[in-house]
Amino acid sequence: MRKHLLIGLLVLLAGMSLGATGKTEEPVAVQKPIVTTIPLASYATEGWYKAMNEAFTAETGISVEVQLTPGNNDEQVAKVNLDLLSGSTVDVIPTLGPRDLATRLEAGFFAPLKAATAKANVDVSAIWGKYIDYDATGEFYSIPNKQEIYTLYYNKDLFDRAGVPYPTSPWSWADYEETARKITEALGGSGYGALIRLETPHVIFKAMQNEVPLYKADGTSNFDDPAFAESLKWFYEMGNVKKYMMSVRQLNAEKASWNYWATVDSMAMFIQGNWFTRLLNSPDQYPRSWDYGVVAIPADSKKNNFVSMSYASVNKNAAHPNEALQYVLWLGQNQWKFEKGIPALVNLTEEEQKEIFKNTADASGGSITVQDLNRALIDNGLNVINADIVGPAAAQYNQIIKEEAERYCTDQQSLKETTTRIKTRMDEVLKNL
């Protein structure tokens, strides 16, 4: 097992000292080392997160002080960014996805890590290699702690009830739609063949999977490309016309959040990152009486799958910078073991590679196997591309797409008005950068 990284631990020890007269002074209390962090909203109440921090403390002696931020992940990201802009001294900032990372890097929130890791004798290229996000100067500001690879989850019980064979890859979006149709019709109003939430890349799956650029060469929005209209139209018709999945209006009425598919048993298929297995394998929090399966996502002309990275960074204003560095380096090597995710490491031992999927399969209650996970996530014949919008004002772009797509999907405006408004609003944002 690799030697754990222990760097720069500064414990302030105070003892007895002699004054000029030789008189013994009062002992000064020992200050216990701590590191402060703000977890992602979806992590805050989960058992694995608490166990992970306890393990870090047991190994290093550094206590982890968790500062909670109310709201969902999007609300939390906005609140944390405001706090950082105001000079927050919280030590470690987790960031999910390249879009939010780019926003925070552009704002200059994080401390550079190249010199600090070199001083600590940490060879980041040997540990994280290609997963380190370097800037044009060779500097980096984050340590990756996991990669989230998209897969399609399916409810085996609904497939069985509908008499539809379990999906296998490779398969196309036409195959996906036909499968959703068969299950929806067989369930006769008691369920749906699919669930797709109103978020990116989901609402524009096809265009993004085919790598249609979101920006033109001149720096303006490319949302007038017909591929985006086609993707939005497909999403709209699946819920509003063909009714193979819940419509946006229905999802809003249900207040369907990020974990919705794990809380219901009436939707046959759902596409999300591999992290979602954590919910399905947590019967105490998400009880279920049905088995699930996994398969590679559908693909057409471009054989691509989506991936999103997760990172940890040291706040440039951190109150405990040395402890913070130790924590992010430890997370980069160990978080996956607790979260049961896929690490962003290039130096995994053969034993650790087997452990990645074995833990998840063992926790599934017989639903899935190591082979199922490997075929769905790794040996699936698909290339990997970013799940997030990455580029200037990416966060605003994402929000504009969601807002205008919701208006379209709730019949407040036409498809043409939707794509035009997205481009017009985004061009205005880009012009004012």
# chains A, B, ... in the order shown; residues from 1 in each chain; ligands from 1
>>> select_by_dssp(residues="range 92-330 of chain A", states="helix (DSSP H, G or I)", output="JSON list (two decimals) with C-alpha atoms, in the first residue's frame")
[["chain", "number", "residue", "atom", "x", "y", "z"],
["A", 98, "PRO", "CA", -14.63, 21.83, -14.68],
["A", 99, "ARG", "CA", -17.23, 24.59, -15.13],
["A", 100, "ASP", "CA", -17.26, 25.65, -11.48],
["A", 101, "LEU", "CA", -13.52, 25.09, -11.23],
["A", 102, "ALA", "CA", -12.90, 27.43, -14.16],
["A", 103, "THR", "CA", -15.13, 30.08, -12.58],
["A", 104, "ARG", "CA", -13.21, 29.92, -9.29],
["A", 105, "LEU", "CA", -9.82, 29.89, -10.99],
["A", 106, "GLU", "CA", -10.78, 32.93, -13.03],
["A", 107, "ALA", "CA", -11.79, 34.70, -9.81],
["A", 114, "LYS", "CA", 3.11, 23.71, -7.58],
["A", 115, "ALA", "CA", 5.76, 25.07, -5.22],
["A", 116, "ALA", "CA", 3.97, 23.84, -2.10],
["A", 117, "THR", "CA", 3.76, 20.24, -3.30],
["A", 118, "ALA", "CA", 7.35, 20.31, -4.53],
["A", 119, "LYS", "CA", 8.52, 21.59, -1.14],
["A", 124, "VAL", "CA", 1.96, 14.98, -8.36],
["A", 125, "SER", "CA", 2.69, 13.72, -11.89],
["A", 126, "ALA", "CA", 3.41, 10.22, -10.53],
["A", 127, "ILE", "CA", 0.24, 10.18, -8.44],
["A", 129, "GLY", "CA", -0.67, 12.51, -13.83],
["A", 130, "LYS", "CA", -3.05, 13.54, -16.62],
["A", 131, "TYR", "CA", -5.81, 14.39, -14.16],
["A", 156, "LYS", "CA", -34.83, -4.41, -13.61],
["A", 157, "ASP", "CA", -38.25, -4.97, -12.08],
["A", 158, "LEU", "CA", -39.93, -2.54, -14.49],
["A", 159, "PHE", "CA", -38.19, -4.18, -17.45],
["A", 160, "ASP", "CA", -39.38, -7.57, -16.22],
["A", 161, "ARG", "CA", -42.95, -6.37, -15.74],
["A", 162, "ALA", "CA", -42.96, -4.90, -19.23],
["A", 173, "TRP", "CA", -30.70, 6.99, -29.01],
["A", 174, "ALA", "CA", -33.33, 5.47, -31.29],
["A", 175, "ASP", "CA", -32.92, 2.20, -29.35],
["A", 176, "TYR", "CA", -33.26, 4.14, -26.09],
["A", 177, "GLU", "CA", -36.44, 5.86, -27.23],
["A", 178, "GLU", "CA", -37.97, 2.61, -28.47],
["A", 179, "THR", "CA", -37.15, 0.93, -25.16],
["A", 180, "ALA", "CA", -38.78, 3.81, -23.26],
["A", 181, "ARG", "CA", -41.86, 3.55, -25.48],
["A", 182, "LYS", "CA", -42.30, -0.18, -24.94],
["A", 183, "ILE", "CA", -41.99, 0.08, -21.16],
["A", 184, "THR", "CA", -44.26, 3.13, -20.89],
["A", 185, "GLU", "CA", -46.98, 1.43, -22.93],
["A", 186, "ALA", "CA", -46.63, -1.87, -21.06],
["A", 187, "LEU", "CA", -46.95, -0.14, -17.67],
["A", 202, "HIS", "CA", -29.16, 16.20, -20.23],
["A", 203, "VAL", "CA", -31.40, 18.69, -22.06],
["A", 204, "ILE", "CA", -28.90, 18.89, -24.92],
["A", 205, "PHE", "CA", -27.44, 15.38, -24.67],
["A", 206, "LYS", "CA", -27.26, 14.72, -28.39],
["A", 207, "ALA", "CA", -25.58, 17.99, -29.40],
["A", 208, "MET", "CA", -23.01, 17.83, -26.61],
["A", 209, "GLN", "CA", -22.26, 14.16, -27.19],
["A", 226, "PRO", "CA", -29.55, 23.52, -35.51],
["A", 227, "ALA", "CA", -28.14, 20.65, -33.42],
["A", 228, "PHE", "CA", -29.15, 22.42, -30.20],
["A", 229, "ALA", "CA", -32.70, 22.99, -31.43],
["A", 230, "GLU", "CA", -32.93, 19.33, -32.40],
["A", 231, "SER", "CA", -31.72, 18.22, -28.96],
["A", 232, "LEU", "CA", -34.18, 20.49, -27.14],
["A", 233, "LYS", "CA", -37.03, 19.36, -29.37],
["A", 234, "TRP", "CA", -36.25, 15.70, -28.66],
["A", 235, "PHE", "CA", -36.19, 16.39, -24.91],
["A", 236, "TYR", "CA", -39.50, 18.28, -25.12],
["A", 237, "GLU", "CA", -41.27, 15.62, -27.16],
["A", 238, "MET", "CA", -40.12, 12.75, -24.93],
["A", 239, "GLY", "CA", -41.98, 14.32, -21.99],
["A", 240, "ASN", "CA", -44.72, 16.51, -23.50],
["A", 248, "VAL", "CA", -40.75, 19.32, -16.83],
["A", 249, "ARG", "CA", -44.07, 20.60, -15.52],
["A", 250, "GLN", "CA", -44.66, 17.28, -13.74],
["A", 251, "LEU", "CA", -41.12, 17.19, -12.36],
["A", 252, "ASN", "CA", -41.52, 20.71, -11.00],
["A", 253, "ALA", "CA", -44.82, 19.76, -9.37],
["A", 254, "GLU", "CA", -43.10, 16.78, -7.73],
["A", 260, "TYR", "CA", -35.33, 11.62, -7.37],
["A", 261, "TRP", "CA", -34.75, 8.39, -9.31],
["A", 262, "ALA", "CA", -33.44, 6.68, -6.16],
["A", 263, "THR", "CA", -36.63, 7.58, -4.28],
["A", 274, "ASN", "CA", -21.31, 6.58, -11.41],
["A", 275, "TRP", "CA", -21.61, 8.40, -8.06],
["A", 276, "PHE", "CA", -25.34, 7.60, -8.13],
["A", 277, "THR", "CA", -24.59, 4.00, -7.16],
["A", 278, "ARG", "CA", -23.81, 5.38, -3.72],
["A", 279, "LEU", "CA", -27.48, 6.27, -3.29],
["A", 280, "LEU", "CA", -28.79, 3.01, -4.70],
["A", 321, "PRO", "CA", -2.73, 26.54, 4.94],
["A", 322, "ASN", "CA", -0.40, 23.70, 5.94],
["A", 323, "GLU", "CA", -3.18, 21.53, 7.31],
["A", 324, "ALA", "CA", -5.25, 22.43, 4.27],
["A", 325, "LEU", "CA", -2.55, 21.18, 1.90],
["A", 326, "GLN", "CA", -2.27, 17.94, 3.81],
["A", 327, "TYR", "CA", -6.05, 17.46, 3.69],
["A", 328, "VAL", "CA", -6.41, 18.02, -0.08],
["A", 329, "LEU", "CA", -3.51, 15.66, -0.82],
["A", 330, "TRP", "CA", -5.05, 13.01, 1.43]]
>>> residues_around(residues="Trp128 in chain A", least_positions_apart="4", cutoff="9 Å", atoms="only C-alpha atoms", output="list in words")
Asp123, Val124, Ile132, Ile143, Pro144, Gly332, Gln333, Ala344, Leu345, Val346 and Asn347 of chain A
>>> write_last_selection(atoms="N, CA and C atoms", output="compact mmCIF listing (two decimals), in the first residue's frame")
# COMPACT_ATOMS: atom_id res chain seq x y z
N ASP A 123 5.30 14.11 -5.62
CA ASP A 123 5.40 14.03 -7.08
C ASP A 123 3.99 13.89 -7.64
N VAL A 124 3.35 15.02 -7.92
CA VAL A 124 1.96 14.98 -8.36
C VAL A 124 1.80 14.27 -9.71
N ILE A 132 -4.31 16.17 -13.36
CA ILE A 132 -4.02 17.49 -12.81
C ILE A 132 -4.40 18.56 -13.84
N ILE A 143 -6.35 19.59 -6.51
CA ILE A 143 -6.00 18.18 -6.55
C ILE A 143 -7.28 17.39 -6.86
N PRO A 144 -7.28 16.59 -7.93
CA PRO A 144 -8.48 15.83 -8.25
C PRO A 144 -8.68 14.69 -7.26
N GLY A 332 -7.22 13.46 -2.25
CA GLY A 332 -6.91 13.03 -3.61
C GLY A 332 -6.57 11.56 -3.72
N GLN A 333 -6.10 10.97 -2.64
CA GLN A 333 -5.75 9.55 -2.66
C GLN A 333 -6.74 8.65 -1.95
N ALA A 344 -9.11 9.53 -9.41
CA ALA A 344 -8.39 10.17 -10.51
C ALA A 344 -6.89 9.97 -10.27
N LEU A 345 -6.48 8.72 -10.17
CA LEU A 345 -5.09 8.37 -9.86
C LEU A 345 -4.48 7.56 -10.99
N VAL A 346 -3.18 7.76 -11.21
CA VAL A 346 -2.48 6.99 -12.25
C VAL A 346 -1.56 5.94 -11.65
N ASN A 347 -1.52 5.87 -10.32
CA ASN A 347 -0.58 4.95 -9.67
C ASN A 347 -1.29 3.88 -8.83
>>> closest_residue(among="A:Ala41, A:Phe110, A:Ile389, A:Phe357", to="Phe306 in chain A", atoms="only C-alpha atoms")
A:Ile389
>>> select_by_dssp(residues="range 83-132 of chain A", states="strand (DSSP E or B)", output="PyMOL selection string")
chain A and resi 92-96+110
>>> write_last_selection(atoms="N, CA and C atoms", output="PDB file, in the first residue's frame")
ATOM      1  N   VAL A  92     -10.331  24.615   2.983  1.00  0.00           N
ATOM      2  CA  VAL A  92     -10.389  23.726   1.817  1.00  0.00           C
ATOM      3  C   VAL A  92     -11.738  23.858   1.119  1.00  0.00           C
ATOM      4  N   ILE A  93     -11.686  24.036  -0.193  1.00  0.00           N
ATOM      5  CA  ILE A  93     -12.892  24.216  -0.999  1.00  0.00           C
ATOM      6  C   ILE A  93     -13.016  23.072  -1.998  1.00  0.00           C
ATOM      7  N   PRO A  94     -14.064  22.236  -1.882  1.00  0.00           N
ATOM      8  CA  PRO A  94     -14.296  21.214  -2.900  1.00  0.00           C
ATOM      9  C   PRO A  94     -15.025  21.824  -4.096  1.00  0.00           C
ATOM     10  N   THR A  95     -14.730  21.371  -5.281  1.00  0.00           N
ATOM     11  CA  THR A  95     -15.384  21.855  -6.490  1.00  0.00           C
ATOM     12  C   THR A  95     -15.728  20.671  -7.373  1.00  0.00           C
ATOM     13  N   LEU A  96     -16.978  20.607  -7.800  1.00  0.00           N
ATOM     14  CA  LEU A  96     -17.424  19.514  -8.654  1.00  0.00           C
ATOM     15  C   LEU A  96     -17.586  20.012 -10.079  1.00  0.00           C
ATOM     16  N   PHE A 110      -8.045  30.517  -5.296  1.00  0.00           N
ATOM     17  CA  PHE A 110      -7.254  29.418  -4.749  1.00  0.00           C
ATOM     18  C   PHE A 110      -5.756  29.722  -4.688  1.00  0.00           C
TER      19      PHE A 110
END
>>> closest_residue(among="A:Tyr397, A:Trp258, A:Tyr292, A:Phe338", to="Ser364 in chain A", atoms="only C-alpha atoms")
A:Tyr292
>>> decode(residues="range 362-377 of chain A", atoms="N, CA and C atoms", output="mmCIF file, in the first residue's frame")
data_model
loop_
_atom_site.group_PDB
_atom_site.id
_atom_site.type_symbol
_atom_site.label_atom_id
_atom_site.label_comp_id
_atom_site.auth_asym_id
_atom_site.auth_seq_id
_atom_site.Cartn_x
_atom_site.Cartn_y
_atom_site.Cartn_z
ATOM 1 N N ASP A 362 -20.414 -5.267 -4.387
ATOM 2 C CA ASP A 362 -20.754 -5.966 -3.144
ATOM 3 C C ASP A 362 -21.868 -5.251 -2.389
ATOM 4 N N ALA A 363 -21.880 -3.921 -2.484
ATOM 5 C CA ALA A 363 -22.875 -3.140 -1.737
ATOM 6 C C ALA A 363 -24.218 -3.061 -2.447
ATOM 7 N N SER A 364 -24.299 -3.596 -3.668
ATOM 8 C CA SER A 364 -25.526 -3.452 -4.460
ATOM 9 C C SER A 364 -26.586 -4.488 -4.120
ATOM 10 N N GLY A 365 -26.283 -5.416 -3.231
ATOM 11 C CA GLY A 365 -27.273 -6.434 -2.870
ATOM 12 C C GLY A 365 -27.564 -7.413 -3.990
ATOM 13 N N GLY A 366 -26.561 -7.639 -4.842
ATOM 14 C CA GLY A 366 -26.744 -8.595 -5.936
ATOM 15 C C GLY A 366 -27.273 -7.983 -7.207
ATOM 16 N N SER A 367 -27.515 -6.669 -7.225
ATOM 17 C CA SER A 367 -28.057 -6.025 -8.421
ATOM 18 C C SER A 367 -27.066 -6.027 -9.580
ATOM 19 N N ILE A 368 -25.806 -5.696 -9.281
ATOM 20 C CA ILE A 368 -24.806 -5.558 -10.338
ATOM 21 C C ILE A 368 -23.526 -6.276 -9.950
ATOM 22 N N THR A 369 -22.684 -6.543 -10.956
ATOM 23 C CA THR A 369 -21.409 -7.231 -10.745
ATOM 24 C C THR A 369 -20.257 -6.313 -11.145
ATOM 25 N N VAL A 370 -19.061 -6.723 -10.795
ATOM 26 C CA VAL A 370 -17.866 -5.989 -11.212
ATOM 27 C C VAL A 370 -17.807 -5.905 -12.738
ATOM 28 N N GLN A 371 -18.144 -6.991 -13.392
ATOM 29 C CA GLN A 371 -18.132 -7.021 -14.858
ATOM 30 C C GLN A 371 -19.145 -6.027 -15.434
ATOM 31 N N ASP A 372 -20.333 -5.933 -14.823
ATOM 32 C CA ASP A 372 -21.338 -4.970 -15.278
ATOM 33 C C ASP A 372 -20.783 -3.550 -15.234
ATOM 34 N N LEU A 373 -20.160 -3.203 -14.118
ATOM 35 C CA LEU A 373 -19.620 -1.859 -13.945
ATOM 36 C C LEU A 373 -18.482 -1.578 -14.917
ATOM 37 N N ASN A 374 -17.617 -2.544 -15.106
ATOM 38 C CA ASN A 374 -16.500 -2.359 -16.021
ATOM 39 C C ASN A 374 -16.989 -2.135 -17.449
ATOM 40 N N ARG A 375 -17.977 -2.918 -17.861
ATOM 41 C CA ARG A 375 -18.509 -2.770 -19.220
ATOM 42 C C ARG A 375 -19.245 -1.444 -19.395
ATOM 43 N N ALA A 376 -19.942 -1.004 -18.373
ATOM 44 C CA ALA A 376 -20.723 0.222 -18.482
ATOM 45 C C ALA A 376 -19.856 1.469 -18.443
ATOM 46 N N LEU A 377 -18.782 1.421 -17.662
ATOM 47 C CA LEU A 377 -18.004 2.632 -17.399
ATOM 48 C C LEU A 377 -16.653 2.694 -18.104
#
